[in-house]
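**Q** See model04.cif below, with mmCIF, C-alpha atoms.
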data_target
#
loop_
_atom_site.group_PDB
_atom_site.id
_atom_site.type_symbol
_atom_site.label_atom_id
_atom_site.label_comp_id
_atom_site.auth_asym_id
_atom_site.auth_seq_id
_atom_site.Cartn_x
_atom_site.Cartn_y
_atom_site.Cartn_z
ATOM 1 C CA MET Y 1 -11.380 -19.122 10.082
ATOM 2 C CA THR Y 2 -10.909 -15.560 8.833
ATOM 3 C CA ARG Y 3 -9.475 -14.498 12.173
ATOM 4 C CA THR Y 4 -6.973 -17.348 11.953
ATOM 5 C CA LEU Y 5 -5.864 -16.199 8.499
ATOM 6 C CA ILE Y 6 -5.388 -12.644 9.732
ATOM 7 C CA LYS Y 7 -3.346 -13.891 12.702
ATOM 8 C CA LYS Y 8 -1.227 -15.959 10.304
ATOM 9 C CA GLU Y 9 -0.537 -12.901 8.139
ATOM 10 C CA LEU Y 10 0.367 -10.789 11.154
ATOM 11 C CA ARG Y 11 2.617 -13.485 12.581
ATOM 12 C CA GLN Y 12 4.298 -14.051 9.234
ATOM 13 C CA HIS Y 13 4.825 -10.427 8.154
ATOM 14 C CA TRP Y 14 4.798 -8.215 11.271
ATOM 15 C CA ALA Y 15 8.515 -7.403 11.290
ATOM 16 C CA TRP Y 16 8.560 -6.669 7.586
ATOM 17 C CA PHE Y 17 5.528 -4.334 7.862
ATOM 18 C CA LEU Y 18 7.117 -2.482 10.783
ATOM 19 C CA LEU Y 19 10.309 -1.977 8.780
ATOM 20 C CA LEU Y 20 8.343 -0.711 5.790
ATOM 21 C CA ALA Y 21 6.339 1.633 8.040
ATOM 22 C CA ALA Y 22 9.485 2.988 9.685
ATOM 23 C CA ILE Y 23 11.102 3.741 6.325
ATOM 24 C CA TYR Y 24 7.921 5.256 4.865
ATOM 25 C CA PHE Y 25 7.207 7.522 7.838
ATOM 26 C CA ALA Y 26 10.814 8.592 8.296
ATOM 27 C CA LEU Y 27 11.066 9.692 4.662
ATOM 28 C CA LEU Y 28 7.625 11.338 4.753
ATOM 29 C CA PHE Y 29 8.494 13.168 7.964
ATOM 30 C CA LEU Y 30 11.730 14.466 6.470
ATOM 31 C CA GLN Y 31 9.950 15.628 3.317
ATOM 32 C CA ILE Y 32 7.167 17.403 5.216
ATOM 33 C CA ALA Y 33 9.528 18.942 7.788
ATOM 34 C CA ALA Y 34 11.793 20.290 5.058
ATOM 35 C CA MET Y 35 8.823 21.828 3.258
ATOM 36 C CA ALA Y 36 7.452 23.308 6.480
ATOM 37 C CA GLN Y 37 10.812 24.936 7.247
ATOM 38 C CA ALA Y 38 11.249 26.407 3.769
ATOM 39 C CA SER Y 39 10.258 30.037 3.578
ATOM 40 C CA ASP Y 40 8.865 29.773 0.061
ATOM 41 C CA ALA Y 41 6.766 26.697 0.841
ATOM 42 C CA SER Y 42 3.442 26.747 -0.906
ATOM 43 C CA SER Y 43 1.836 23.995 1.123
ATOM 44 C CA VAL Y 44 2.954 21.265 3.471
ATOM 45 C CA PHE Y 45 0.569 18.971 1.621
ATOM 46 C CA ASP Y 46 2.815 19.078 -1.459
ATOM 47 C CA PRO Y 47 5.276 16.521 -0.071
ATOM 48 C CA PHE Y 48 2.385 14.380 1.152
ATOM 49 C CA GLY Y 49 0.934 14.375 -2.354
ATOM 50 C CA ARG Y 50 4.225 13.868 -4.154
ATOM 51 C CA PHE Y 51 5.992 11.435 -1.877
ATOM 52 C CA GLY Y 52 3.407 10.223 0.630
ATOM 53 C CA VAL Y 53 0.861 9.240 -1.979
ATOM 54 C CA GLY Y 54 2.579 9.553 -5.333
ATOM 55 C CA VAL Y 55 5.762 7.606 -4.707
ATOM 56 C CA GLY Y 56 5.556 6.160 -1.218
ATOM 57 C CA MET Y 57 2.127 4.554 -1.541
ATOM 58 C CA VAL Y 58 2.902 3.067 -4.934
ATOM 59 C CA ILE Y 59 6.123 1.506 -3.645
ATOM 60 C CA ALA Y 60 4.437 0.368 -0.424
ATOM 61 C CA ALA Y 61 1.548 -1.171 -2.394
ATOM 62 C CA ALA Y 62 3.948 -3.023 -4.664
ATOM 63 C CA MET Y 63 5.996 -4.320 -1.755
ATOM 64 C CA ILE Y 64 2.974 -5.339 0.315
ATOM 65 C CA CYS Y 65 1.396 -7.183 -2.607
ATOM 66 C CA SER Y 66 4.674 -8.867 -3.374
ATOM 67 C CA ARG Y 67 5.010 -9.949 0.227
ATOM 68 C CA LEU Y 68 1.401 -11.053 0.722
ATOM 69 C CA VAL Y 69 0.631 -12.698 -2.595
ATOM 70 C CA ALA Y 70 3.741 -13.481 -4.600
ATOM 71 C CA ALA Y 71 5.741 -14.777 -1.643
ATOM 72 C CA GLU Y 72 2.754 -16.867 -0.547
ATOM 73 C CA TYR Y 73 2.486 -18.575 -3.897
ATOM 74 C CA ARG Y 74 6.257 -18.854 -4.318
ATOM 75 C CA SER Y 75 6.648 -20.709 -1.036
ATOM 76 C CA SER Y 76 3.603 -22.906 -1.809
ATOM 77 C CA THR Y 77 1.981 -22.217 1.566
ATOM 78 C CA GLN Y 78 -1.269 -21.448 -0.226
ATOM 79 C CA LEU Y 79 -1.612 -25.202 -0.845
ATOM 80 C CA PHE Y 80 -1.637 -25.723 2.904
ATOM 81 C CA LEU Y 81 -4.186 -22.928 3.352
ATOM 82 C CA GLU Y 82 -6.464 -24.335 0.667
ATOM 83 C CA ALA Y 83 -6.520 -27.777 2.328
ATOM 84 C CA PRO Y 84 -9.019 -26.816 5.086
ATOM 85 C CA PRO Y 85 -12.609 -26.179 4.073
ATOM 86 C CA LEU Y 86 -11.788 -22.707 2.862
ATOM 87 C CA SER Y 87 -12.694 -21.379 -0.537
ATOM 88 C CA ARG Y 88 -10.026 -19.766 -2.673
ATOM 89 C CA LEU Y 89 -12.160 -16.623 -2.914
ATOM 90 C CA ARG Y 90 -12.210 -16.233 0.862
ATOM 91 C CA PHE Y 91 -8.454 -16.729 1.078
ATOM 92 C CA VAL Y 92 -7.816 -14.131 -1.639
ATOM 93 C CA LEU Y 93 -10.343 -11.731 -0.116
ATOM 94 C CA VAL Y 94 -8.658 -11.930 3.294
ATOM 95 C CA GLU Y 95 -5.272 -11.280 1.676
ATOM 96 C CA TYR Y 96 -6.687 -8.331 -0.280
ATOM 97 C CA LEU Y 97 -8.439 -6.715 2.669
ATOM 98 C CA PHE Y 98 -5.478 -7.294 4.971
ATOM 99 C CA GLY Y 99 -3.088 -5.568 2.564
ATOM 100 C CA LEU Y 100 -5.559 -2.770 1.955
ATOM 101 C CA GLY Y 101 -5.915 -2.303 5.704
ATOM 102 C CA VAL Y 102 -2.161 -1.975 6.124
ATOM 103 C CA LEU Y 103 -2.049 0.622 3.351
ATOM 104 C CA ALA Y 104 -5.014 2.460 4.879
ATOM 105 C CA ILE Y 105 -3.101 2.718 8.150
ATOM 106 C CA PHE Y 106 -0.090 4.119 6.283
ATOM 107 C CA LEU Y 107 -2.277 6.584 4.378
ATOM 108 C CA THR Y 108 -4.266 7.912 7.332
ATOM 109 C CA ALA Y 109 -1.216 8.191 9.582
ATOM 110 C CA GLY Y 110 0.729 9.989 6.853
ATOM 111 C CA PHE Y 111 -2.183 12.334 6.249
ATOM 112 C CA ALA Y 112 -2.456 13.004 9.981
ATOM 113 C CA LEU Y 113 1.259 13.851 10.015
ATOM 114 C CA ALA Y 114 0.758 16.288 7.127
ATOM 115 C CA CYS Y 115 -2.257 17.835 8.875
ATOM 116 C CA LEU Y 116 -0.241 18.215 12.069
ATOM 117 C CA PHE Y 117 2.403 20.235 10.218
ATOM 118 C CA GLY Y 118 -0.253 22.036 8.177
ATOM 119 C CA LEU Y 119 -2.154 23.379 11.191
ATOM 120 C CA ARG Y 120 0.515 26.018 11.751
ATOM 121 C CA HIS Y 121 0.479 27.372 8.191
ATOM 122 C CA GLU Y 122 -2.877 26.618 6.616
ATOM 123 C CA ILE Y 123 -6.553 26.736 7.353
ATOM 124 C CA LEU Y 124 -7.806 23.168 7.409
ATOM 125 C CA THR Y 125 -11.507 22.523 7.148
ATOM 126 C CA PRO Y 126 -13.083 19.095 7.474
ATOM 127 C CA LYS Y 127 -14.338 19.340 3.895
ATOM 128 C CA PHE Y 128 -10.849 20.073 2.544
ATOM 129 C CA ALA Y 129 -9.333 17.268 4.600
ATOM 130 C CA GLY Y 130 -12.056 14.866 3.450
ATOM 131 C CA ILE Y 131 -11.498 15.725 -0.211
ATOM 132 C CA MET Y 132 -7.734 15.300 0.078
ATOM 133 C CA LEU Y 133 -8.059 12.015 1.951
ATOM 134 C CA ALA Y 134 -10.619 10.693 -0.563
ATOM 135 C CA ARG Y 135 -8.367 11.564 -3.513
ATOM 136 C CA ALA Y 136 -5.354 9.959 -1.875
ATOM 137 C CA GLY Y 137 -7.445 6.921 -0.966
ATOM 138 C CA ALA Y 138 -8.723 6.482 -4.517
ATOM 139 C CA TYR Y 139 -5.181 6.711 -5.904
ATOM 140 C CA THR Y 140 -3.927 4.202 -3.340
ATOM 141 C CA LEU Y 141 -6.839 1.854 -4.002
ATOM 142 C CA PHE Y 142 -6.103 1.886 -7.737
ATOM 143 C CA TRP Y 143 -2.429 1.060 -7.354
ATOM 144 C CA PHE Y 144 -3.040 -1.559 -4.703
ATOM 145 C CA GLY Y 145 -5.603 -3.248 -6.948
ATOM 146 C CA TYR Y 146 -3.193 -3.164 -9.862
ATOM 147 C CA PHE Y 147 -0.297 -4.663 -7.921
ATOM 148 C CA PHE Y 148 -2.524 -7.230 -6.230
ATOM 149 C CA ALA Y 149 -3.877 -8.396 -9.591
ATOM 150 C CA THR Y 150 -0.438 -8.565 -11.154
ATOM 151 C CA SER Y 151 0.936 -10.415 -8.134
ATOM 152 C CA MET Y 152 -1.721 -13.071 -8.660
ATOM 153 C CA LEU Y 153 -0.410 -13.632 -12.186
ATOM 154 C CA GLY Y 154 2.922 -14.917 -10.970
ATOM 155 C CA ARG Y 155 5.629 -14.973 -13.598
ATOM 156 C CA TYR Y 156 3.187 -13.713 -16.232
ATOM 157 C CA ARG Y 157 2.960 -10.284 -14.608
ATOM 158 C CA TYR Y 158 5.987 -9.121 -16.588
ATOM 159 C CA ASP Y 159 4.292 -10.193 -19.820
ATOM 160 C CA LEU Y 160 1.234 -8.169 -18.856
ATOM 161 C CA GLY Y 161 3.456 -5.180 -18.143
ATOM 162 C CA LEU Y 162 5.068 -5.435 -21.554
ATOM 163 C CA VAL Y 163 1.697 -5.727 -23.311
ATOM 164 C CA ALA Y 164 0.306 -2.808 -21.321
ATOM 165 C CA ASP Y 165 3.275 -0.631 -22.354
ATOM 166 C CA LEU Y 166 3.083 -1.425 -26.077
ATOM 167 C CA PRO Y 167 0.822 1.535 -26.929
ATOM 168 C CA TYR Y 168 3.428 3.863 -25.405
ATOM 169 C CA VAL Y 169 6.259 2.326 -27.390
ATOM 170 C CA PHE Y 170 4.671 2.731 -30.818
#
Could I get this file's structure written as C-alpha coordinates?
**A**
Amino acid sequence: MTRTLIKKELRQHWAWFLLLAAIYFALLFLQIAAMAQASDASSVFDPFGRFGVGVGMVIAAAMICSRLVAAEYRSSTQLFLEAPPLSRLRFVLVEYLFGLGVLAIFLTAGFALACLFGLRHEILTPKFAGIMLARAGAYTLFWFGYFFATSMLGRYRYDLGLVADLPYVF
(Lines of atoms letter the chains of each structure in order from A and count residues from 1; the text may use other names and numbers.)
(Lines give C-alpha, C1' and ligand atoms only; values in the text may rest on other atoms or scores of the structure.)
Protein backbone atom coordinates (compact mmCIF):
# COMPACT_ATOMS: atom_id res chain seq x y z
CA MET A 1 0.00 0.00 0.00
CA THR A 2 2.91 2.35 0.70
CA ARG A 3 4.28 1.80 -2.79
CA THR A 4 0.89 2.73 -4.22
CA LEU A 5 0.86 5.98 -2.24
CA ILE A 6 4.34 6.86 -3.47
CA LYS A 7 3.30 6.15 -7.07
CA LYS A 8 0.24 8.37 -6.56
CA GLU A 9 2.41 11.23 -5.30
CA LEU A 10 4.84 10.87 -8.19
CA ARG A 11 2.03 10.70 -10.74
CA GLN A 12 0.28 13.69 -9.21
CA HIS A 13 3.27 16.00 -8.68
CA TRP A 14 6.06 14.93 -11.06
CA ALA A 15 5.81 17.91 -13.42
CA TRP A 16 5.63 20.38 -10.57
CA PHE A 17 8.70 18.85 -8.85
CA LEU A 18 10.67 18.95 -12.11
CA LEU A 19 9.82 22.62 -12.57
CA LEU A 20 10.84 23.40 -9.00
CA ALA A 21 14.10 21.46 -9.46
CA ALA A 22 14.89 23.26 -12.72
CA ILE A 23 14.38 26.68 -11.13
CA TYR A 24 16.32 25.77 -7.98
CA PHE A 25 19.32 24.31 -9.81
CA ALA A 26 19.44 27.04 -12.44
CA LEU A 27 19.56 29.75 -9.77
CA LEU A 28 22.06 27.79 -7.66
CA PHE A 29 24.27 27.18 -10.68
CA LEU A 30 24.26 30.87 -11.56
CA GLN A 31 25.10 31.85 -7.98
CA ILE A 32 27.95 29.35 -7.68
CA ALA A 33 29.34 30.10 -11.16
CA ALA A 34 29.36 33.83 -10.46
CA MET A 35 31.19 33.28 -7.18
CA ALA A 36 33.69 30.92 -8.80
CA GLN A 37 34.47 33.48 -11.51
CA ALA A 38 34.92 36.37 -9.08
CA SER A 39 38.54 37.06 -8.28
CA ASP A 40 37.86 38.02 -4.67
CA ALA A 41 35.74 34.94 -3.97
CA SER A 42 36.29 33.58 -0.52
CA SER A 43 34.62 30.23 -1.10
CA VAL A 44 32.31 28.69 -3.64
CA PHE A 45 30.39 27.23 -0.72
CA ASP A 46 29.17 30.71 0.25
CA PRO A 47 26.43 30.77 -2.40
CA PHE A 48 25.50 27.19 -1.53
CA GLY A 49 25.08 28.20 2.10
CA ARG A 50 23.29 31.46 1.41
CA PHE A 51 21.06 30.54 -1.49
CA GLY A 52 21.21 26.75 -1.80
CA VAL A 53 20.39 26.09 1.82
CA GLY A 54 19.44 29.42 3.33
CA VAL A 55 16.90 30.67 0.82
CA GLY A 56 16.41 27.95 -1.76
CA MET A 57 15.77 25.08 0.65
CA VAL A 58 13.38 27.11 2.78
CA ILE A 59 11.35 28.13 -0.27
CA ALA A 60 11.48 24.61 -1.71
CA ALA A 61 10.38 23.12 1.63
CA ALA A 62 7.47 25.54 1.86
CA MET A 63 6.37 24.85 -1.70
CA ILE A 64 6.72 21.08 -1.40
CA CYS A 65 4.75 20.99 1.85
CA SER A 66 2.11 23.22 0.36
CA ARG A 67 1.84 20.96 -2.65
CA LEU A 68 1.90 17.66 -0.76
CA VAL A 69 -0.19 18.47 2.28
CA ALA A 70 -2.23 21.62 1.87
CA ALA A 71 -3.30 20.87 -1.70
CA GLU A 72 -4.19 17.32 -0.67
CA TYR A 73 -6.48 18.48 2.08
CA ARG A 74 -7.87 21.37 0.02
CA SER A 75 -8.95 19.06 -2.78
CA SER A 76 -10.35 16.52 -0.28
CA THR A 77 -8.49 13.60 -1.86
CA GLN A 78 -7.30 12.57 1.58
CA LEU A 79 -10.86 11.35 2.26
CA PHE A 80 -10.47 8.94 -0.64
CA LEU A 81 -7.06 7.82 0.64
CA GLU A 82 -8.38 7.25 4.15
CA ALA A 83 -11.20 5.00 2.88
CA PRO A 84 -8.98 1.91 2.33
CA PRO A 85 -7.64 0.13 5.38
CA LEU A 86 -4.90 2.67 5.83
CA SER A 87 -4.20 4.49 9.05
CA ARG A 88 -3.91 8.26 9.03
CA LEU A 89 -0.45 7.97 10.58
CA ARG A 90 0.80 5.85 7.69
CA PHE A 91 -0.64 8.27 5.15
CA VAL A 92 0.99 11.26 6.87
CA LEU A 93 4.27 9.39 7.30
CA VAL A 94 4.41 8.53 3.59
CA GLU A 95 3.73 12.17 2.71
CA TYR A 96 6.42 13.35 5.14
CA LEU A 97 9.08 10.92 3.98
CA PHE A 98 8.27 11.51 0.32
CA GLY A 99 8.67 15.27 0.69
CA LEU A 100 11.82 14.84 2.74
CA GLY A 101 13.22 12.54 0.06
CA VAL A 102 12.60 15.13 -2.63
CA LEU A 103 14.36 17.77 -0.54
CA ALA A 104 17.23 15.38 0.17
CA ILE A 105 17.71 14.93 -3.58
CA PHE A 106 17.76 18.71 -4.02
CA LEU A 107 20.22 19.13 -1.15
CA THR A 108 22.69 16.42 -2.17
CA ALA A 109 22.64 17.41 -5.84
CA GLY A 110 23.16 21.07 -4.94
CA PHE A 111 26.00 20.15 -2.61
CA ALA A 112 27.56 17.99 -5.33
CA LEU A 113 27.35 20.97 -7.70
CA ALA A 114 29.10 23.17 -5.12
CA CYS A 115 31.77 20.51 -4.56
CA LEU A 116 32.31 20.23 -8.31
CA PHE A 117 33.05 23.96 -8.53
CA GLY A 118 34.99 23.87 -5.26
CA LEU A 119 37.45 21.20 -6.38
CA ARG A 120 39.32 23.75 -8.48
CA HIS A 121 39.77 26.30 -5.69
CA GLU A 122 39.62 24.52 -2.36
CA ILE A 123 40.90 21.46 -0.60
CA LEU A 124 37.92 19.24 0.12
CA THR A 125 38.27 16.48 2.65
CA PRO A 126 35.57 13.92 3.37
CA LYS A 127 35.31 15.21 6.94
CA PHE A 128 34.74 18.79 5.79
CA ALA A 129 32.18 17.68 3.22
CA GLY A 130 30.41 15.53 5.81
CA ILE A 131 30.22 18.39 8.30
CA MET A 132 28.86 20.80 5.70
CA LEU A 133 26.31 18.29 4.43
CA ALA A 134 25.19 17.44 7.98
CA ARG A 135 24.72 21.12 8.85
CA ALA A 136 22.77 21.78 5.67
CA GLY A 137 20.71 18.64 6.26
CA ALA A 138 19.83 19.65 9.82
CA TYR A 139 18.76 23.11 8.66
CA THR A 140 16.67 21.62 5.86
CA LEU A 141 15.12 19.06 8.20
CA PHE A 142 14.08 21.80 10.63
CA TRP A 143 12.40 23.95 8.00
CA PHE A 144 10.73 21.01 6.32
CA GLY A 145 9.33 19.87 9.66
CA TYR A 146 8.08 23.36 10.40
CA PHE A 147 6.34 23.79 7.06
CA PHE A 148 4.94 20.26 7.13
CA ALA A 149 3.45 20.84 10.59
CA THR A 150 1.99 24.20 9.62
CA SER A 151 0.59 22.76 6.40
CA MET A 152 -1.29 20.19 8.47
CA LEU A 153 -2.99 23.02 10.37
CA GLY A 154 -4.81 24.26 7.31
CA ARG A 155 -6.21 27.75 7.64
CA TYR A 156 -4.97 27.98 11.23
CA ARG A 157 -1.34 28.08 10.14
CA TYR A 158 -1.53 31.86 9.77
CA ASP A 159 -2.81 32.15 13.34
CA LEU A 160 0.13 30.08 14.54
CA GLY A 161 2.48 32.34 12.61
CA LEU A 162 1.02 35.43 14.23
CA VAL A 163 1.26 33.91 17.72
CA ALA A 164 4.82 32.77 17.08
CA ASP A 165 5.81 36.31 16.02
CA LEU A 166 4.27 38.08 19.02
CA PRO A 167 7.45 37.99 21.13
CA TYR A 168 9.27 39.82 18.32
CA VAL A 169 6.60 42.49 18.06
CA PHE A 170 6.62 43.50 21.72
**Q** Let me have the centre and edge lengths of the axis-aligned box enclosing all listed atoms of region 120-131 of chain Y with 3 Å padding on every side, in Å to one decimal, as AutoDock Vina command-line options.
**A**
--center_x -6.9 --center_y 21.1 --center_z 5.8 --size_x 20.9 --size_y 18.5 --size_z 18.0
**Q** Nearest residue to Arg3 (chain Y) out of Y:Val44, Y:Ala104, Y:Leu119, Y:Val94, using all atoms listed in the file?
**A** Y:Val94
**Q** Can you spell out as a PyMOL selection string the set of residues that the PyMOL selection byres ((chain Y and resi 111-113) around 10) selects in the structure I just provided?
**A** chain Y and resi 25+28-29+32-33+45+48-49+52-53+105-110+114-118+129+132-133+136
**Q** Return the single residue from Y:Ala60, Y:Leu27, Y:Leu19, Y:Leu160 that is closest to Gly99 (chain Y), with distances computed using all atoms listed in the file.
**A**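 Comparing Y:Ala60, Y:Leu27, Y:Leu19, Y:Leu160 against Gly99 (chain Y), the winner is Y:Ala60.
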**Q** From the options Y:Leu68, Y:Ile23, Y:Leu103, Y:Ile131, which residue's atoms come nearest to Trp143 (chain Y), counting only C-alpha atoms?
**A** Y:Leu103
**Q** When distances are computed from only C-alpha atoms, which of Y:Ser43, Y:Asp159, Y:Arg90, Y:Tyr146 shows the smallest separation from Leu124 (chain Y)?
**A**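 When distances to Leu124 (chain Y) are compared using only C-alpha atoms, the smallest one comes from Y:Ser43.
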**Q** What's the separation between CA of Ala26 (chain Y) and CA of Leu10 (chain Y), in Å to one decimal place?
**A**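 These two atoms are separated by 22.2 Å.
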**Q** Could you tell me which of Y:Arg50, Y:Leu100, Y:Thr4, Y:Ser87 comes closest to Phe142 (chain Y) if we count only C-alpha atoms?
**A**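 Closest residue, counting only C-alpha atoms: Y:Leu100.
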**Q** Enumerate, as a PyMOL selection string, the protein, DNA and RNA residues whose atoms approach (5.3, -14.5, -3.1) to within 12 Å, taking into account only C-alpha atoms and the coordinate frame of the file.
**A** chain Y and resi 13+62-78+148+150-155
**Q** With distances taken over only C-alpha atoms, which of Y:Ala15, Y:Ala22, Y:Ala134, Y:Leu5 is nearest to Leu86 (chain Y)?
**A**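 The answer is Y:Leu5, which sits nearest to Leu86 (chain Y).
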